[in-house]
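Participant: Structure incoming, see below.
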Amino acid sequence: SEWSKTCGFDCNQQRNRSCTNPQPQHGGEDCFGPAQENRTCANRECPVDGQWAVWHSSGRCSTTCGTGKESFVRFCWPQPKYGGKPCEGPDQQFRECFVRHCSRESCCRPCGDRLHMVHDICLGVDGVWNNWSGWSACSSRCVQETVRSERTRSRSCKGPFYGGKP
């Protein structure tokens, strides 16, 4: 048989064998050597497999109103050591959560190409101008009465979103 232990400290290993393949017959002699062997362990750490701890909630929903997501995490403890198996599967998962109904002024969640509000009224978010850029350098090096120089600046529009106005 295999050794009874393959790791650990201050222990003894044992293995056994039997004389059965083939068993002595018709005056044949028994197998040579002992049926049992003992020895001291290899004095090395035994593998420790990782184990998942229980799921823990973040205690928070991802939104202040309406439906959002709550996260749950778990830790692999003990962590695998000495060749032990790792924890398998995700260490984080999400579950839908509901905080409260949204007020008429706050957007809750996507509704087609617009945002959903209380009482199924969908409103978009209009575009908003960003700040102006700095002025460019003059377009002409010589400034004469007959030559016109120009400087420019620009800005961009953030949005619109969910069908709002540009």
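All residue names refer to the structure tokens as shown: chains lettered A, B, ... in order, residues numbered from 1 in each chain, ligands numbered from 1 in order.
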Quick one: everything within 7 Å of range 57-69 of chain A, counting only C-alpha atoms, minus sequence neighbours fewer than 6 positions away in the same chain. Send it as a list in words.
Facilitator: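 So the residues in contact are Phe94, Arg95, Glu96, Cys97, Phe98, Val99, Arg100, His101, Cys102 and Cys108 of chain A.
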Participant: If you count only C-alpha atoms, which residues fall within 9 Å of Trp135 in chain A, apart from same-chain ones fewer than 3 positions away, as an MDAnalysis selection string?
Facilitator: chainID A and resid 132 138 151:154
Participant: Those same residues, written as a compact mmCIF listing (two decimals), in the first residue's frame with all heavy atoms?
Facilitator:
```txt
# COMPACT_ATOMS: atom_id res chain seq x y z
N TRP A 132 -14.88 77.47 -22.71
CA TRP A 132 -14.16 77.87 -23.90
C TRP A 132 -12.69 77.50 -23.77
O TRP A 132 -12.13 77.54 -22.68
CB TRP A 132 -14.26 79.38 -24.10
CG TRP A 132 -15.59 79.85 -24.62
CD1 TRP A 132 -16.59 80.39 -23.90
CD2 TRP A 132 -16.03 79.83 -25.97
NE1 TRP A 132 -17.65 80.71 -24.69
CE2 TRP A 132 -17.33 80.37 -25.99
CE3 TRP A 132 -15.46 79.40 -27.17
CZ2 TRP A 132 -18.07 80.51 -27.16
CZ3 TRP A 132 -16.20 79.54 -28.34
CH2 TRP A 132 -17.48 80.07 -28.32
N CYS A 138 -2.28 84.56 -33.40
CA CYS A 138 -2.77 85.30 -34.57
C CYS A 138 -2.48 84.52 -35.84
O CYS A 138 -1.45 83.87 -35.96
CB CYS A 138 -2.10 86.67 -34.65
SG CYS A 138 -2.70 87.81 -33.39
N ARG A 151 -7.86 85.42 -34.51
CA ARG A 151 -7.61 84.50 -33.40
C ARG A 151 -8.90 83.73 -33.18
O ARG A 151 -9.99 84.26 -33.35
CB ARG A 151 -7.23 85.26 -32.13
CG ARG A 151 -5.88 85.93 -32.26
CD ARG A 151 -5.56 86.79 -31.08
NE ARG A 151 -5.72 86.07 -29.82
CZ ARG A 151 -5.40 86.56 -28.64
NH1 ARG A 151 -4.89 87.76 -28.55
NH2 ARG A 151 -5.58 85.87 -27.55
N THR A 152 -8.78 82.47 -32.80
CA THR A 152 -9.99 81.66 -32.59
C THR A 152 -9.92 80.95 -31.24
O THR A 152 -8.86 80.82 -30.63
CB THR A 152 -10.12 80.59 -33.69
OG1 THR A 152 -8.98 79.74 -33.65
CG2 THR A 152 -10.28 81.21 -35.06
N ARG A 153 -11.07 80.51 -30.81
CA ARG A 153 -11.19 79.64 -29.64
C ARG A 153 -12.39 78.75 -29.87
O ARG A 153 -13.23 79.03 -30.73
CB ARG A 153 -11.29 80.42 -28.34
CG ARG A 153 -12.52 81.26 -28.19
CD ARG A 153 -12.49 82.00 -26.88
NE ARG A 153 -13.73 82.73 -26.68
CZ ARG A 153 -14.12 83.21 -25.52
NH1 ARG A 153 -13.37 83.05 -24.46
NH2 ARG A 153 -15.25 83.85 -25.41
N SER A 154 -12.51 77.67 -29.11
CA SER A 154 -13.61 76.73 -29.34
C SER A 154 -14.10 76.15 -28.02
O SER A 154 -13.48 76.32 -26.98
CB SER A 154 -13.15 75.60 -30.27
OG SER A 154 -12.11 74.87 -29.64
```
Participant: I'd like the neighbourhood of Pro86 in chain A as an NGL selection string, where a residue qualifies if any of its atoms comes within 12 Å (using only C-alpha atoms), though same-chain residues fewer than 2 positions away should be ignored.
Facilitator: :A and (47-52 or 75-84 or 88-90)
Participant: Can you spit out the residues from that selection as a PDB file, in the first residue's frame, using N, CA, C and O atoms?
Facilitator:
```
ATOM      1  N   PRO A  47      -0.153  20.021   2.467  1.00  0.00           N
ATOM      2  CA  PRO A  47      -0.887  21.012   1.669  1.00  0.00           C
ATOM      3  C   PRO A  47      -2.124  21.495   2.427  1.00  0.00           C
ATOM      4  O   PRO A  47      -2.784  20.717   3.117  1.00  0.00           O
ATOM      5  N   VAL A  48      -2.411  22.787   2.294  1.00  0.00           N
ATOM      6  CA  VAL A  48      -3.604  23.381   2.888  1.00  0.00           C
ATOM      7  C   VAL A  48      -4.435  23.917   1.735  1.00  0.00           C
ATOM      8  O   VAL A  48      -3.997  24.807   1.003  1.00  0.00           O
ATOM      9  N   ASP A  49      -5.637  23.369   1.552  1.00  0.00           N
ATOM     10  CA  ASP A  49      -6.542  23.832   0.501  1.00  0.00           C
ATOM     11  C   ASP A  49      -7.219  25.127   0.940  1.00  0.00           C
ATOM     12  O   ASP A  49      -7.555  25.302   2.119  1.00  0.00           O
ATOM     13  N   GLY A  50      -7.428  26.041  -0.012  1.00  0.00           N
ATOM     14  CA  GLY A  50      -8.169  27.271   0.267  1.00  0.00           C
ATOM     15  C   GLY A  50      -9.637  26.953   0.506  1.00  0.00           C
ATOM     16  O   GLY A  50     -10.182  26.020  -0.084  1.00  0.00           O
ATOM     17  N   GLN A  51     -10.271  27.735   1.357  1.00  0.00           N
ATOM     18  CA  GLN A  51     -11.700  27.560   1.659  1.00  0.00           C
ATOM     19  C   GLN A  51     -12.373  28.929   1.615  1.00  0.00           C
ATOM     20  O   GLN A  51     -11.849  29.898   2.159  1.00  0.00           O
ATOM     21  N   TRP A  52     -13.544  29.006   0.998  1.00  0.00           N
ATOM     22  CA  TRP A  52     -14.282  30.263   0.959  1.00  0.00           C
ATOM     23  C   TRP A  52     -14.923  30.524   2.313  1.00  0.00           C
ATOM     24  O   TRP A  52     -15.524  29.632   2.910  1.00  0.00           O
ATOM     25  N   PHE A  75     -13.952  35.973   1.116  1.00  0.00           N
ATOM     26  CA  PHE A  75     -12.504  35.847   1.148  1.00  0.00           C
ATOM     27  C   PHE A  75     -12.117  34.381   1.190  1.00  0.00           C
ATOM     28  O   PHE A  75     -12.811  33.563   1.795  1.00  0.00           O
ATOM     29  N   CYS A  76     -11.025  34.080   0.552  1.00  0.00           N
ATOM     30  CA  CYS A  76     -10.479  32.722   0.544  1.00  0.00           C
ATOM     31  C   CYS A  76      -9.608  32.585   1.794  1.00  0.00           C
ATOM     32  O   CYS A  76      -8.519  33.137   1.865  1.00  0.00           O
ATOM     33  N   TRP A  77     -10.132  31.873   2.811  1.00  0.00           N
ATOM     34  CA  TRP A  77      -9.400  31.719   4.073  1.00  0.00           C
ATOM     35  C   TRP A  77      -9.649  30.369   4.653  1.00  0.00           C
ATOM     36  O   TRP A  77     -10.802  30.033   4.873  1.00  0.00           O
ATOM     37  N   PRO A  78      -8.700  29.575   4.907  1.00  0.00           N
ATOM     38  CA  PRO A  78      -7.299  29.914   4.716  1.00  0.00           C
ATOM     39  C   PRO A  78      -6.953  29.947   3.233  1.00  0.00           C
ATOM     40  O   PRO A  78      -7.574  29.278   2.423  1.00  0.00           O
ATOM     41  N   GLN A  79      -5.941  30.724   2.918  1.00  0.00           N
ATOM     42  CA  GLN A  79      -5.450  30.730   1.549  1.00  0.00           C
ATOM     43  C   GLN A  79      -4.651  29.452   1.338  1.00  0.00           C
ATOM     44  O   GLN A  79      -4.097  28.901   2.287  1.00  0.00           O
ATOM     45  N   PRO A  80      -4.616  28.961   0.088  1.00  0.00           N
ATOM     46  CA  PRO A  80      -3.881  27.725  -0.155  1.00  0.00           C
ATOM     47  C   PRO A  80      -2.396  27.879   0.163  1.00  0.00           C
ATOM     48  O   PRO A  80      -1.809  28.924  -0.104  1.00  0.00           O
ATOM     49  N   LYS A  81      -1.831  26.839   0.763  1.00  0.00           N
ATOM     50  CA  LYS A  81      -0.401  26.827   1.091  1.00  0.00           C
ATOM     51  C   LYS A  81       0.167  25.460   0.783  1.00  0.00           C
ATOM     52  O   LYS A  81      -0.539  24.461   0.797  1.00  0.00           O
ATOM     53  N   TYR A  82       1.457  25.430   0.562  1.00  0.00           N
ATOM     54  CA  TYR A  82       2.217  24.186   0.405  1.00  0.00           C
ATOM     55  C   TYR A  82       1.630  23.279  -0.670  1.00  0.00           C
ATOM     56  O   TYR A  82       1.536  22.074  -0.494  1.00  0.00           O
ATOM     57  N   GLY A  83       1.192  23.885  -1.773  1.00  0.00           N
ATOM     58  CA  GLY A  83       0.659  23.095  -2.883  1.00  0.00           C
ATOM     59  C   GLY A  83      -0.817  22.763  -2.754  1.00  0.00           C
ATOM     60  O   GLY A  83      -1.338  21.962  -3.519  1.00  0.00           O
ATOM     61  N   GLY A  84      -1.518  23.386  -1.806  1.00  0.00           N
ATOM     62  CA  GLY A  84      -2.956  23.146  -1.642  1.00  0.00           C
ATOM     63  C   GLY A  84      -3.765  23.742  -2.787  1.00  0.00           C
ATOM     64  O   GLY A  84      -3.270  24.590  -3.544  1.00  0.00           O
ATOM     65  N   GLU A  88     -12.113  28.133  -5.699  1.00  0.00           N
ATOM     66  CA  GLU A  88     -12.637  28.243  -7.060  1.00  0.00           C
ATOM     67  C   GLU A  88     -13.905  29.075  -7.058  1.00  0.00           C
ATOM     68  O   GLU A  88     -14.678  29.021  -6.115  1.00  0.00           O
ATOM     69  N   GLY A  89     -14.114  29.830  -8.132  1.00  0.00           N
ATOM     70  CA  GLY A  89     -15.308  30.651  -8.257  1.00  0.00           C
ATOM     71  C   GLY A  89     -15.011  32.111  -7.952  1.00  0.00           C
ATOM     72  O   GLY A  89     -13.907  32.462  -7.545  1.00  0.00           O
ATOM     73  N   PRO A  90     -16.022  32.971  -8.140  1.00  0.00           N
ATOM     74  CA  PRO A  90     -15.821  34.414  -7.961  1.00  0.00           C
ATOM     75  C   PRO A  90     -15.722  34.809  -6.493  1.00  0.00           C
ATOM     76  O   PRO A  90     -16.264  34.137  -5.625  1.00  0.00           O
TER      77      PRO A  90
END
```
Participant: Please return as an mmCIF file with N, CA and C atoms, in the first residue's frame: the residues of range 18-116 of chain A that backbone DSSP assigns to strand (DSSP E or B).
Facilitator:
```
data_model
loop_
_atom_site.group_PDB
_atom_site.id
_atom_site.type_symbol
_atom_site.label_atom_id
_atom_site.label_comp_id
_atom_site.auth_asym_id
_atom_site.auth_seq_id
_atom_site.Cartn_x
_atom_site.Cartn_y
_atom_site.Cartn_z
ATOM 1 N N GLN A 36 4.725 -5.324 6.950
ATOM 2 C CA GLN A 36 4.494 -3.940 7.362
ATOM 3 C C GLN A 36 5.835 -3.225 7.483
ATOM 4 N N GLU A 37 5.855 -1.927 7.055
ATOM 5 C CA GLU A 37 7.037 -1.107 7.164
ATOM 6 C C GLU A 37 6.678 0.182 7.884
ATOM 7 N N ASN A 38 7.554 0.687 8.716
ATOM 8 C CA ASN A 38 7.360 1.959 9.426
ATOM 9 C C ASN A 38 8.562 2.840 9.181
ATOM 10 N N ARG A 39 8.325 4.176 9.161
ATOM 11 C CA ARG A 39 9.430 5.122 9.059
ATOM 12 C C ARG A 39 8.942 6.483 9.565
ATOM 13 N N THR A 40 9.875 7.373 9.800
ATOM 14 C CA THR A 40 9.554 8.730 10.240
ATOM 15 C C THR A 40 9.094 9.544 9.034
ATOM 16 N N ARG A 44 7.780 17.673 6.221
ATOM 17 C CA ARG A 44 7.422 18.801 5.362
ATOM 18 C C ARG A 44 5.966 19.153 5.633
ATOM 19 N N VAL A 48 -2.411 22.787 2.294
ATOM 20 C CA VAL A 48 -3.604 23.381 2.888
ATOM 21 C C VAL A 48 -4.435 23.917 1.735
ATOM 22 N N TRP A 52 -13.544 29.006 0.998
ATOM 23 C CA TRP A 52 -14.282 30.263 0.959
ATOM 24 C C TRP A 52 -14.923 30.524 2.313
ATOM 25 N N HIS A 56 -20.192 38.431 2.447
ATOM 26 C CA HIS A 56 -20.440 39.630 3.242
ATOM 27 C C HIS A 56 -21.001 40.707 2.328
ATOM 28 N N SER A 57 -22.063 41.372 2.789
ATOM 29 C CA SER A 57 -22.681 42.443 2.023
ATOM 30 C C SER A 57 -21.930 43.751 2.231
ATOM 31 N N SER A 58 -21.906 44.585 1.183
ATOM 32 C CA SER A 58 -21.326 45.925 1.317
ATOM 33 C C SER A 58 -22.243 46.797 2.149
ATOM 34 N N GLY A 59 -23.508 46.401 2.246
ATOM 35 C CA GLY A 59 -24.486 47.177 3.016
ATOM 36 C C GLY A 59 -24.977 48.415 2.291
ATOM 37 N N ARG A 60 -24.582 48.569 1.021
ATOM 38 C CA ARG A 60 -24.970 49.759 0.264
ATOM 39 C C ARG A 60 -25.539 49.354 -1.091
ATOM 40 N N CYS A 61 -26.502 50.123 -1.528
ATOM 41 C CA CYS A 61 -27.052 49.963 -2.869
ATOM 42 C C CYS A 61 -26.343 50.987 -3.753
ATOM 43 N N THR A 67 -33.994 51.149 -8.337
ATOM 44 C CA THR A 67 -33.318 49.861 -8.344
ATOM 45 C C THR A 67 -31.847 50.029 -8.678
ATOM 46 N N GLY A 68 -30.991 49.380 -7.911
ATOM 47 C CA GLY A 68 -29.551 49.420 -8.142
ATOM 48 C C GLY A 68 -28.950 48.056 -7.889
ATOM 49 N N LYS A 69 -27.673 48.042 -7.560
ATOM 50 C CA LYS A 69 -26.979 46.781 -7.281
ATOM 51 C C LYS A 69 -26.266 46.875 -5.945
ATOM 52 N N GLU A 70 -26.306 45.786 -5.194
ATOM 53 C CA GLU A 70 -25.580 45.666 -3.936
ATOM 54 C C GLU A 70 -24.493 44.619 -4.149
ATOM 55 N N SER A 71 -23.285 44.902 -3.685
ATOM 56 C CA SER A 71 -22.195 43.954 -3.887
ATOM 57 C C SER A 71 -21.982 43.088 -2.653
ATOM 58 N N PHE A 72 -21.540 41.870 -2.915
ATOM 59 C CA PHE A 72 -21.209 40.915 -1.862
ATOM 60 C C PHE A 72 -19.808 40.391 -2.150
ATOM 61 N N VAL A 73 -18.995 40.260 -1.127
ATOM 62 C CA VAL A 73 -17.639 39.743 -1.286
ATOM 63 C C VAL A 73 -17.417 38.593 -0.321
ATOM 64 N N CYS A 76 -11.025 34.080 0.552
ATOM 65 C CA CYS A 76 -10.479 32.722 0.544
ATOM 66 C C CYS A 76 -9.608 32.585 1.794
ATOM 67 N N LYS A 81 -1.831 26.839 0.763
ATOM 68 C CA LYS A 81 -0.401 26.827 1.091
ATOM 69 C C LYS A 81 0.167 25.460 0.783
ATOM 70 N N GLN A 92 -16.628 37.996 -5.771
ATOM 71 C CA GLN A 92 -17.583 39.092 -5.684
ATOM 72 C C GLN A 92 -18.800 38.762 -6.528
ATOM 73 N N GLN A 93 -19.975 39.150 -6.036
ATOM 74 C CA GLN A 93 -21.199 38.997 -6.818
ATOM 75 C C GLN A 93 -22.121 40.162 -6.488
ATOM 76 N N PHE A 94 -23.117 40.377 -7.333
ATOM 77 C CA PHE A 94 -24.033 41.497 -7.173
ATOM 78 C C PHE A 94 -25.468 40.992 -7.111
ATOM 79 N N ARG A 95 -26.295 41.733 -6.383
ATOM 80 C CA ARG A 95 -27.714 41.408 -6.293
ATOM 81 C C ARG A 95 -28.489 42.705 -6.457
ATOM 82 N N GLU A 96 -29.628 42.628 -7.130
ATOM 83 C CA GLU A 96 -30.450 43.809 -7.324
ATOM 84 C C GLU A 96 -30.982 44.282 -5.978
ATOM 85 N N CYS A 97 -31.015 45.596 -5.783
ATOM 86 C CA CYS A 97 -31.546 46.162 -4.541
ATOM 87 C C CYS A 97 -32.454 47.332 -4.887
ATOM 88 N N PHE A 98 -33.385 47.616 -4.016
ATOM 89 C CA PHE A 98 -34.314 48.737 -4.196
ATOM 90 C C PHE A 98 -34.242 49.606 -2.961
ATOM 91 N N ARG A 109 -33.314 55.112 -13.764
ATOM 92 C CA ARG A 109 -32.679 54.031 -14.497
ATOM 93 C C ARG A 109 -32.981 54.174 -15.981
ATOM 94 N N PRO A 110 -32.218 53.531 -16.859
ATOM 95 C CA PRO A 110 -32.467 53.639 -18.303
ATOM 96 C C PRO A 110 -33.854 53.157 -18.685
ATOM 97 N N CYS A 111 -34.440 53.837 -19.661
ATOM 98 C CA CYS A 111 -35.773 53.485 -20.151
ATOM 99 C C CYS A 111 -35.727 53.678 -21.656
ATOM 100 N N ARG A 114 -34.043 56.909 -23.199
ATOM 101 C CA ARG A 114 -34.227 58.027 -22.270
ATOM 102 C C ARG A 114 -34.047 57.527 -20.837
ATOM 103 N N LEU A 115 -34.183 58.412 -19.867
ATOM 104 C CA LEU A 115 -34.088 58.000 -18.467
ATOM 105 C C LEU A 115 -35.477 57.860 -17.879
ATOM 106 N N HIS A 116 -35.645 56.848 -17.049
ATOM 107 C CA HIS A 116 -36.941 56.578 -16.429
ATOM 108 C C HIS A 116 -37.105 57.421 -15.168
#
```
Participant: Which value, in Å to one decimal, gives the distance between CA of Gly8 in chain A and CA of Gly33 in chain A?
Facilitator: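 So the answer is 27.4 Å.
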Participant: Applying 9 Å and only C-alpha atoms, which residues near Trp129 in chain A remain after dropping the ones on its own chain fewer than 2 positions away? List them as a ChimeraX atom specification.
Facilitator: /A:127,131-132,155-159
Participant: Residues of the last selection are to be written out with N, CA and C atoms, as a PDB file, in the first residue's frame.
Facilitator:
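Output file part13.pdb follows:
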```
ATOM      1  N   GLY A 127     -27.851  68.510 -23.745  1.00  0.00           N
ATOM      2  CA  GLY A 127     -26.433  68.809 -23.825  1.00  0.00           C
ATOM      3  C   GLY A 127     -26.084  70.089 -23.079  1.00  0.00           C
ATOM      4  N   ASN A 131     -16.440  74.603 -21.109  1.00  0.00           N
ATOM      5  CA  ASN A 131     -15.786  75.911 -21.095  1.00  0.00           C
ATOM      6  C   ASN A 131     -15.076  76.180 -22.422  1.00  0.00           C
ATOM      7  N   TRP A 132     -14.885  77.466 -22.710  1.00  0.00           N
ATOM      8  CA  TRP A 132     -14.155  77.874 -23.904  1.00  0.00           C
ATOM      9  C   TRP A 132     -12.692  77.500 -23.767  1.00  0.00           C
ATOM     10  N   ARG A 155     -15.207  75.476 -28.108  1.00  0.00           N
ATOM     11  CA  ARG A 155     -15.755  74.730 -26.967  1.00  0.00           C
ATOM     12  C   ARG A 155     -16.580  73.582 -27.521  1.00  0.00           C
ATOM     13  N   SER A 156     -16.804  72.571 -26.699  1.00  0.00           N
ATOM     14  CA  SER A 156     -17.569  71.409 -27.153  1.00  0.00           C
ATOM     15  C   SER A 156     -18.791  71.230 -26.262  1.00  0.00           C
ATOM     16  N   CYS A 157     -19.694  70.436 -26.769  1.00  0.00           N
ATOM     17  CA  CYS A 157     -20.941  70.172 -26.046  1.00  0.00           C
ATOM     18  C   CYS A 157     -20.853  68.808 -25.384  1.00  0.00           C
ATOM     19  N   LYS A 158     -21.120  68.745 -24.106  1.00  0.00           N
ATOM     20  CA  LYS A 158     -21.178  67.474 -23.376  1.00  0.00           C
ATOM     21  C   LYS A 158     -22.620  66.989 -23.442  1.00  0.00           C
ATOM     22  N   GLY A 159     -22.816  65.861 -24.103  1.00  0.00           N
ATOM     23  CA  GLY A 159     -24.183  65.352 -24.272  1.00  0.00           C
ATOM     24  C   GLY A 159     -24.637  65.616 -25.685  1.00  0.00           C
TER      25      GLY A 159
END
```
Participant: Of the candidates A:Asn21, A:Asn16, A:Thr6, A:Ser133, which shows the shortest atom-to-atom distance to Pro34 in chain A, using only C-alpha atoms?
Facilitator: A:Asn16
